[in-house]
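Quick look at run_6.txt (compact mmCIF, C-alpha atoms and all ligand atoms):
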```
# COMPACT_ATOMS: atom_id res chain seq x y z
CA MET A 1 -127.71 -35.57 193.17
CA ASN A 2 -126.02 -32.33 194.10
CA LEU A 3 -126.81 -31.41 197.69
CA ASP A 4 -124.73 -28.86 199.48
CA TRP A 5 -123.93 -30.85 202.62
CA PRO A 6 -122.31 -28.93 205.44
CA SER A 7 -119.30 -30.41 207.19
CA PRO A 8 -119.33 -31.11 210.94
CA ASP A 9 -116.74 -28.39 211.39
CA ASP A 10 -118.67 -25.51 209.93
CA ARG A 11 -122.28 -26.26 210.82
CA ILE A 12 -122.86 -28.61 213.74
CA GLY A 13 -122.08 -25.87 216.24
CA ASP A 14 -124.66 -23.61 214.62
CA VAL A 15 -127.32 -26.32 214.77
CA TYR A 16 -126.89 -26.81 218.48
CA ALA A 17 -126.60 -23.09 219.17
CA SER A 18 -130.21 -22.83 217.96
CA TYR A 19 -131.25 -25.83 220.00
CA ALA A 20 -129.45 -25.07 223.27
CA PRO A 21 -132.05 -22.79 224.95
CA ILE A 22 -134.93 -25.17 224.26
CA TYR A 23 -133.18 -28.57 224.08
CA ASP A 24 -134.01 -29.75 227.60
CA ALA A 25 -137.63 -28.65 227.39
CA LEU A 26 -138.04 -30.74 224.24
CA PHE A 27 -135.94 -33.81 225.01
CA GLU A 28 -135.76 -34.18 228.79
CA HIS A 29 -138.48 -36.83 228.91
CA ALA A 30 -138.87 -37.72 225.25
CA LEU A 31 -136.21 -40.33 224.71
CA GLY A 32 -136.57 -43.21 227.19
CA ASP A 33 -132.83 -43.94 227.16
CA THR A 34 -131.67 -42.81 230.62
CA ASP A 35 -132.49 -46.04 232.51
CA PHE A 36 -130.60 -48.01 229.88
CA TYR A 37 -127.48 -45.83 230.03
CA VAL A 38 -127.44 -45.73 233.84
CA ARG A 39 -127.89 -49.51 234.11
CA ALA A 40 -125.13 -50.00 231.53
CA ALA A 41 -122.79 -47.94 233.71
CA GLN A 42 -123.79 -49.82 236.84
CA ALA A 43 -122.89 -53.05 235.05
CA ARG A 44 -119.50 -51.86 233.76
CA VAL A 45 -118.12 -49.06 235.94
CA PRO A 46 -117.05 -49.51 239.56
CA ALA A 47 -119.13 -47.47 242.05
CA GLY A 48 -117.97 -43.85 242.01
CA GLY A 49 -115.91 -44.44 238.83
CA SER A 50 -115.62 -42.13 235.83
CA ILE A 51 -117.61 -42.25 232.59
CA LEU A 52 -116.59 -40.52 229.36
CA GLU A 53 -119.63 -38.97 227.68
CA LEU A 54 -119.15 -37.87 224.06
CA GLY A 55 -121.54 -35.22 222.77
CA VAL A 56 -122.55 -34.46 226.35
CA GLY A 57 -124.84 -31.65 225.18
CA THR A 58 -126.79 -29.96 227.98
CA GLY A 59 -126.00 -32.76 230.44
CA ARG A 60 -129.42 -34.40 230.05
CA LEU A 61 -128.03 -37.89 230.73
CA THR A 62 -125.02 -36.70 232.72
CA GLU A 63 -127.20 -35.57 235.57
CA HIS A 64 -128.53 -39.11 235.97
CA TYR A 65 -124.98 -40.49 236.07
CA LEU A 66 -123.93 -37.98 238.71
CA ARG A 67 -127.02 -38.71 240.81
CA ALA A 68 -126.18 -42.42 240.58
CA GLY A 69 -122.79 -41.65 242.15
CA PHE A 70 -120.56 -41.74 239.06
CA ARG A 71 -118.10 -39.09 237.92
CA VAL A 72 -118.36 -37.84 234.34
CA VAL A 73 -116.03 -36.23 231.84
CA GLY A 74 -118.29 -34.75 229.16
CA VAL A 75 -117.04 -33.53 225.78
CA ASP A 76 -118.92 -31.44 223.24
CA THR A 77 -118.16 -29.19 220.27
CA SER A 78 -121.03 -26.79 221.02
CA ALA A 79 -120.18 -23.98 223.44
CA ASP A 80 -123.89 -23.16 223.78
CA MET A 81 -124.88 -26.69 224.77
CA LEU A 82 -121.97 -26.84 227.21
CA GLU A 83 -123.02 -23.55 228.78
CA ARG A 84 -126.40 -25.14 229.63
CA ALA A 85 -124.63 -28.22 230.96
CA ARG A 86 -122.40 -26.05 233.18
CA GLU A 87 -125.43 -24.34 234.75
CA ARG A 88 -127.29 -27.58 235.20
CA LEU A 89 -124.41 -29.65 236.58
CA ALA A 90 -122.77 -27.00 238.79
CA PRO A 91 -124.25 -28.49 242.01
CA HIS A 92 -122.23 -31.67 241.37
CA GLY A 93 -118.96 -29.72 241.57
CA GLU A 94 -115.73 -31.43 240.62
CA ARG A 95 -117.41 -34.81 240.04
CA CYS A 96 -118.20 -33.50 236.56
CA ARG A 97 -115.63 -32.10 234.12
CA LEU A 98 -116.91 -30.51 230.92
CA VAL A 99 -114.55 -30.19 227.99
CA HIS A 100 -115.12 -28.04 224.91
CA GLY A 101 -113.64 -30.40 222.36
CA ASP A 102 -114.16 -32.71 219.44
CA MET A 103 -114.44 -36.47 219.82
CA ARG A 104 -112.37 -36.85 216.64
CA SER A 105 -109.30 -35.35 218.26
CA LEU A 106 -109.72 -36.29 221.89
CA ALA A 107 -106.59 -36.37 224.08
CA LEU A 108 -107.69 -36.27 227.70
CA GLY A 109 -104.78 -38.21 229.18
CA GLU A 110 -107.23 -40.40 231.08
CA ARG A 111 -108.77 -43.83 230.52
CA PHE A 112 -112.30 -44.94 231.34
CA ALA A 113 -114.14 -48.19 232.00
CA MET A 114 -116.96 -46.89 229.81
CA ALA A 115 -117.48 -44.27 227.11
CA VAL A 116 -120.94 -43.41 225.79
CA ALA A 117 -122.27 -41.41 222.85
CA PRO A 118 -126.03 -41.20 223.46
CA PHE A 119 -128.90 -40.06 221.25
CA GLY A 120 -127.42 -40.41 217.79
CA THR A 121 -124.33 -38.33 218.45
CA VAL A 122 -122.22 -40.52 216.12
CA ALA A 123 -124.57 -39.64 213.24
CA HIS A 124 -122.94 -36.21 213.22
CA LEU A 125 -119.69 -37.79 212.03
CA LEU A 126 -120.39 -37.21 208.35
CA ALA A 127 -117.37 -38.71 206.63
CA ASP A 128 -115.83 -42.16 207.09
CA ASP A 129 -112.64 -40.46 208.16
CA ASP A 130 -114.51 -38.55 210.90
CA ARG A 131 -115.77 -41.87 212.20
CA ARG A 132 -112.35 -43.52 211.95
CA ARG A 133 -110.74 -40.72 213.93
CA ALA A 134 -113.52 -40.58 216.55
CA PHE A 135 -113.65 -44.35 217.08
CA ALA A 136 -109.84 -44.55 217.34
CA ALA A 137 -109.82 -41.70 219.87
CA VAL A 138 -112.56 -43.34 221.95
CA HIS A 139 -110.74 -46.67 221.82
CA ALA A 140 -107.54 -44.99 223.04
CA HIS A 141 -109.46 -43.59 226.03
CA LEU A 142 -110.77 -46.96 227.23
CA ALA A 143 -109.11 -48.84 230.05
CA PRO A 144 -108.47 -52.59 229.59
CA GLY A 145 -111.84 -54.35 229.55
CA GLY A 146 -113.57 -51.05 228.72
CA VAL A 147 -116.65 -50.64 226.57
CA PHE A 148 -118.01 -47.94 224.26
CA VAL A 149 -121.82 -47.79 224.07
CA PHE A 150 -123.71 -45.71 221.54
CA ASP A 151 -127.13 -45.58 219.91
CA ASP A 152 -128.23 -44.32 216.54
CA CYS A 153 -131.14 -44.57 214.14
CA PRO A 154 -129.64 -44.78 210.63
CA ALA A 155 -131.86 -44.83 207.54
CA TRP A 156 -131.69 -48.60 207.21
CA ILE A 157 -133.64 -48.75 210.49
CA ALA A 158 -135.70 -45.57 210.22
CA GLY A 159 -136.79 -46.39 206.66
CA ALA A 160 -136.43 -44.11 203.65
CA ALA A 161 -138.25 -40.81 203.96
CA GLY A 162 -139.23 -38.60 201.06
CA GLY A 163 -139.27 -35.34 202.94
CA THR A 164 -142.97 -34.83 202.21
CA THR A 165 -144.34 -34.97 205.75
CA LEU A 166 -143.90 -32.92 208.90
CA ASP A 167 -143.94 -35.32 211.85
CA LEU A 168 -144.59 -34.28 215.44
CA ARG A 169 -141.62 -35.46 217.56
CA CYS A 170 -142.18 -33.94 220.99
CA THR A 171 -143.49 -30.99 222.95
CA GLY A 172 -142.40 -29.04 226.03
CA ARG A 173 -142.53 -25.66 227.77
CA ASP A 174 -140.03 -22.88 227.19
CA PRO A 175 -138.41 -22.43 230.62
CA ALA A 176 -137.95 -18.69 229.95
CA THR A 177 -141.58 -17.85 229.11
CA GLY A 178 -143.69 -20.89 229.93
CA ALA A 179 -144.90 -20.97 226.31
CA ARG A 180 -145.67 -24.35 224.80
CA VAL A 181 -143.09 -25.47 222.24
CA ARG A 182 -143.25 -28.33 219.80
CA LEU A 183 -140.76 -30.01 217.52
CA GLN A 184 -141.85 -31.25 214.11
CA THR A 185 -139.39 -32.84 211.72
CA ASN A 186 -139.16 -33.28 207.98
CA LEU A 187 -136.70 -36.00 206.99
CA PHE A 188 -135.20 -36.57 203.57
CA ASP A 189 -133.11 -39.62 202.69
CA ALA A 190 -131.83 -39.56 199.15
CA ALA A 191 -132.15 -43.18 198.03
CA GLY A 192 -128.82 -44.89 198.55
CA ALA A 193 -127.12 -41.67 199.62
CA PRO A 194 -124.84 -41.82 202.64
CA LEU A 195 -126.39 -38.73 204.21
CA SER A 196 -129.87 -37.69 205.33
CA VAL A 197 -131.12 -34.16 205.77
CA ARG A 198 -133.66 -33.30 208.44
CA TYR A 199 -135.35 -29.96 208.84
CA ASP A 200 -136.47 -29.43 212.42
CA PHE A 201 -139.27 -26.94 212.92
CA ILE A 202 -139.24 -25.64 216.50
CA ASP A 203 -142.50 -23.78 217.10
CA TRP A 204 -143.51 -21.61 220.04
CA LEU A 205 -147.31 -21.67 220.40
CA ASP A 206 -149.62 -19.02 221.79
CA ALA A 207 -152.64 -19.66 224.04
CA ASP A 208 -154.74 -20.53 220.95
CA ASP A 209 -152.10 -22.99 219.69
CA ARG A 210 -151.04 -20.67 216.87
CA VAL A 211 -147.37 -20.45 215.99
CA SER A 212 -145.96 -17.24 217.46
CA ARG A 213 -142.31 -17.98 216.62
CA ARG A 214 -140.59 -20.59 214.47
CA VAL A 215 -136.94 -21.61 214.24
CA VAL A 216 -135.96 -24.01 211.46
CA VAL A 217 -132.79 -26.01 211.94
CA ARG A 218 -131.12 -28.07 209.21
CA VAL A 219 -129.47 -31.21 210.52
CA VAL A 220 -127.38 -33.55 208.38
CA PHE A 221 -126.83 -37.17 209.41
CA ARG A 222 -124.57 -39.90 208.15
CA ASN A 223 -126.22 -43.21 207.31
CA VAL A 224 -123.71 -45.97 207.78
CA GLY A 225 -124.73 -49.54 206.97
CA LEU A 226 -124.27 -52.09 209.73
CA ASP A 227 -121.41 -54.03 208.09
CA GLU A 228 -119.63 -50.78 207.25
CA GLU A 229 -120.07 -49.56 210.84
CA LEU A 230 -118.70 -52.80 212.25
CA ALA A 231 -115.71 -52.60 209.87
CA LEU A 232 -114.98 -49.02 210.98
CA LEU A 233 -115.13 -50.09 214.64
CA ALA A 234 -112.84 -53.08 213.98
CA GLY A 235 -110.44 -50.78 212.11
CA ALA A 236 -110.28 -48.55 215.18
CA GLY A 237 -109.21 -51.53 217.29
CA PHE A 238 -112.49 -52.62 218.85
CA GLY A 239 -113.04 -56.34 219.44
CA ARG A 240 -116.48 -57.85 219.90
CA VAL A 241 -119.42 -55.55 219.11
CA ASP A 242 -122.86 -56.58 220.40
CA VAL A 243 -125.69 -54.94 218.51
CA HIS A 244 -129.20 -54.62 219.87
CA GLY A 245 -132.36 -53.30 218.22
CA ASP A 246 -133.64 -51.35 221.20
CA PHE A 247 -132.75 -50.23 224.72
CA ALA A 248 -134.27 -53.41 226.20
CA GLY A 249 -131.46 -55.57 224.80
CA THR A 250 -133.43 -57.26 222.01
CA PRO A 251 -130.91 -58.65 219.51
CA LEU A 252 -130.81 -56.62 216.31
CA ASP A 253 -132.99 -58.17 213.60
CA ARG A 254 -130.82 -58.01 210.48
CA GLU A 255 -133.49 -59.61 208.27
CA ARG A 256 -136.11 -56.98 209.04
CA PRO A 257 -134.14 -53.77 209.70
CA ALA A 258 -137.23 -51.58 210.04
CA SER A 259 -138.51 -53.74 212.91
CA ASN A 260 -135.66 -52.46 215.09
CA GLY A 261 -136.40 -49.30 217.03
CA ARG A 262 -132.78 -48.26 217.19
CA LEU A 263 -129.22 -49.46 216.77
CA VAL A 264 -127.66 -49.89 220.21
CA ALA A 265 -124.01 -50.96 220.04
CA TRP A 266 -121.75 -52.27 222.80
CA CYS A 267 -118.21 -52.06 221.48
CA HIS A 268 -115.67 -53.94 223.57
CA ARG A 269 -112.13 -52.63 223.68
CA GLY A 270 -110.85 -55.92 222.38
CA ASP A 271 -109.05 -57.45 225.32
CA ASP A 272 -111.94 -59.21 227.04
C1 LIG B 1 -128.16 -35.25 219.68
S1 LIG B 1 -127.15 -34.28 220.74
C2 LIG B 1 -127.04 -35.33 222.14
C3 LIG B 1 -126.76 -34.57 223.41
C4 LIG B 1 -126.78 -35.42 224.67
N1 LIG B 1 -125.82 -36.52 224.61
C5 LIG B 1 -128.16 -36.02 224.90
O1 LIG B 1 -128.28 -37.23 224.83
O2 LIG B 1 -129.09 -35.26 225.18
C6 LIG B 1 -125.57 -34.46 219.96
C7 LIG B 1 -124.46 -33.68 220.64
O3 LIG B 1 -123.21 -34.06 220.04
C8 LIG B 1 -122.41 -32.90 219.89
N2 LIG B 1 -121.40 -33.19 218.84
C9 LIG B 1 -121.59 -33.31 217.51
N3 LIG B 1 -120.44 -33.60 216.89
C10 LIG B 1 -119.49 -33.71 217.87
C11 LIG B 1 -118.09 -34.01 217.86
N4 LIG B 1 -117.44 -34.25 216.72
N5 LIG B 1 -117.44 -34.05 219.06
C12 LIG B 1 -118.09 -33.79 220.22
N6 LIG B 1 -119.42 -33.49 220.28
C13 LIG B 1 -120.11 -33.46 219.12
C14 LIG B 1 -123.40 -31.81 219.54
O4 LIG B 1 -122.88 -30.51 219.77
C15 LIG B 1 -124.57 -32.17 220.46
O5 LIG B 1 -124.50 -31.52 221.70
```

File written out as structure tokens:
Amino acid sequence: MNLDWPSPDDRIGDVYASYAPIYDALFEHALGDTDFYVRAAQARVPAGGSILELGVGTGRLTEHYLRAGFRVVGVDTSADMLERARERLAPHGERCRLVHGDMRSLALGERFAMAVAPFGTVAHLLADDDRRRAFAAVHAHLAPGGVFVFDDCPAWIAGAAGGTTLDLRCTGRDPATGARVRLQTNLFDAAGAPLSVRYDFIDWLDADDRVSRRVVVRVVFRNVGLDEELALLAGAGFGRVDVHGDFAGTPLDRERPASNGRLVAWCHRGDD
């Protein structure tokens, strides 16, 4: 199959430039992951300590960390998403540092008790080498005993999709106009292919629920099998990796992949 996949370098920024103005309205309350990530930090990071957040986006989760008393260094490739994060997190002052950078070539000169990559951020690493570089960079930024926690929903969990349906994901209100917005997605997994393509239809609705404006965003994801993912993490130096099938800590069911809601991975630095 000949599909013209974009690379993370040339397209990811564009994707999130389209999303940035409406991202929080759509996703602020749609994900159910914030309690998990805050509790994970409370279990692993000393009070007032620093967390490294990769793909920090608009600071959706970051704000919860800062409110819980942690410091955060947040990294993202999208200038538009970071601009939103800067506005949102300004009241927290120097407890939050935002870095316009790429997790594949991170060199912050600082080590952390915990690094996180929430909401499928690792799926944007499209080639094995992108993952190798990113995982090695994260590993190098962990203090002894540190842990890297990420979640993802690869095709082996989500199930193959033929791209024939438009599924309602979430709704919100445009903060600029008050108009109702909704996100519908159309996912295509080429059978056995390492990448999935998702078209996201962001619709602004008028008072009669008719579409008054539509933005279509093309997002490409990498589907890495579990064994391959674990091998890439081991290759980057990680030790034990605990994999759960949801944010409640249910062990991942390898026999029935589709019964898992999500892949949630706790990757230990390798010295504990
Ligand atoms: C799905 S969003 C998640 C944003 C935020 N963590 C959240 O949970 O709301 C993924 C984010 O990862 C960023 N991103 C993608 N590839 C990246 C890379 N190689 N390095 C750093 N950030 C990246 C995108 O710009 C985007 O803001």

Show me, as an MDAnalysis selection string, the residues that have an atom within 12 Å of Gly109 of chain A when counting all atoms listed in the file, minus same-chain residues fewer than 2 positions from it. chainID A and resid 73 106:107 111:112 137:138 140:143

In terms of the shortest atom-to-atom distance over all atoms listed in the file, which of A:His244, A:His124, A:Arg256, A:Arg182 is closest to ligand LIG 1 (chain B)?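 The answer is A:His124, which sits nearest to ligand LIG 1 (chain B).
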
Go ahead and compute the interatomic distance for atom CA of His64 of chain A and atom O1 of ligand LIG 1 (chain B), in Å to one decimal.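 Taking atom CA of His64 of chain A and atom O1 of ligand LIG 1 (chain B), their separation equals 11.3 Å.
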
A:Asp246, A:Arg60, A:Ala25, A:Tyr37: which is nearest Arg180 of chain A, counting all atoms listed in the file?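 Of A:Asp246, A:Arg60, A:Ala25, A:Tyr37, the one nearest Arg180 of chain A, counting all atoms listed in the file, is A:Ala25.
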
With all atoms listed in the file as the basis for distance, which of A:Asp102, A:Asp24, A:Glu53, A:Glu229 is at the shortest distance from ligand LIG 1 (chain B)?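 Checking each candidate against ligand LIG 1 (chain B), we get A:Asp102 as the closest.
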
Pick from A:Asp14, A:Asp130, A:Asp76, A:Glu28, whichever lies nearest to Arg218 of chain A using all atoms listed in the file: A:Asp14

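A distance cut-off of 10 Å around (-140.6, -31.8, 200.0), counting all atoms listed in the file, selects these protein and nucleic acid residues: Gly162, Gly163, Thr164, Thr165, Leu166, Asn186, Leu187 and Phe188 of chain A.
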
Close residues, Pro257 of chain A itself excluded, 12 Å, all atoms listed in the file, min 2 positions apart in chain, as a VMD selection string: chain A and resid 153 to 160 225 to 226 244 to 246 251 to 255 259 to 263

Writing out the chosen residues with C-alpha atoms as a PDB file, in the frame of the given file:
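File written: result_16.pdb
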```pdb
ATOM      1  CA  CYS A 153    -131.140 -44.570 214.140  1.00  0.00           C
ATOM      2  CA  PRO A 154    -129.640 -44.780 210.630  1.00  0.00           C
ATOM      3  CA  ALA A 155    -131.860 -44.830 207.540  1.00  0.00           C
ATOM      4  CA  TRP A 156    -131.690 -48.600 207.210  1.00  0.00           C
ATOM      5  CA  ILE A 157    -133.640 -48.750 210.490  1.00  0.00           C
ATOM      6  CA  ALA A 158    -135.700 -45.570 210.220  1.00  0.00           C
ATOM      7  CA  GLY A 159    -136.790 -46.390 206.660  1.00  0.00           C
ATOM      8  CA  ALA A 160    -136.430 -44.110 203.650  1.00  0.00           C
ATOM      9  CA  GLY A 225    -124.730 -49.540 206.970  1.00  0.00           C
ATOM     10  CA  LEU A 226    -124.270 -52.090 209.730  1.00  0.00           C
ATOM     11  CA  HIS A 244    -129.200 -54.620 219.870  1.00  0.00           C
ATOM     12  CA  GLY A 245    -132.360 -53.300 218.220  1.00  0.00           C
ATOM     13  CA  ASP A 246    -133.640 -51.350 221.200  1.00  0.00           C
ATOM     14  CA  PRO A 251    -130.910 -58.650 219.510  1.00  0.00           C
ATOM     15  CA  LEU A 252    -130.810 -56.620 216.310  1.00  0.00           C
ATOM     16  CA  ASP A 253    -132.990 -58.170 213.600  1.00  0.00           C
ATOM     17  CA  ARG A 254    -130.820 -58.010 210.480  1.00  0.00           C
ATOM     18  CA  GLU A 255    -133.490 -59.610 208.270  1.00  0.00           C
ATOM     19  CA  SER A 259    -138.510 -53.740 212.910  1.00  0.00           C
ATOM     20  CA  ASN A 260    -135.660 -52.460 215.090  1.00  0.00           C
ATOM     21  CA  GLY A 261    -136.400 -49.300 217.030  1.00  0.00           C
ATOM     22  CA  ARG A 262    -132.780 -48.260 217.190  1.00  0.00           C
ATOM     23  CA  LEU A 263    -129.220 -49.460 216.770  1.00  0.00           C
TER      24      LEU A 263
END
```

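Among the candidates A:Glu87, A:Asp151, A:Glu110, A:Glu94, the residue lying nearest to ligand LIG 1 (chain B) is A:Asp151 (atoms considered: only C-alpha atoms and all ligand atoms).
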
Figure out the distance between atom CA of Ala236 of chain A and atom C6 of ligand LIG 1 (chain B), please, to one decimal in Å. 21.3 Å

Near segment 20-23 of chain A, within 12 Å and counting all atoms listed in the file, which residues show up once chain neighbours fewer than 2 positions away are dropped, as a VMD selection string? chain A and resid 13 to 18 25 to 30 57 to 60 78 to 85 87 170 to 183 202 to 204 215 217

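When all atoms listed in the file are used to measure the gap to ligand LIG 1 (chain B), the shortest distance among A:Gly270, A:Gly237, A:Gly55, A:Gly93 belongs to A:Gly55.
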
Non-local contacts of Val122 of chain A (9 Å; all atoms listed in the file; under 3 positions in same chain excluded) as a VMD selection string: chain A and resid 54 to 55 117 to 119 125 to 126 131 134 150 to 152 221 to 222

Work out how far atom CA of Ala265 of chain A is from atom CA of Gly101 of chain A, in Å to one decimal.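 Atom CA of Ala265 of chain A lies 23.1 Å from atom CA of Gly101 of chain A.
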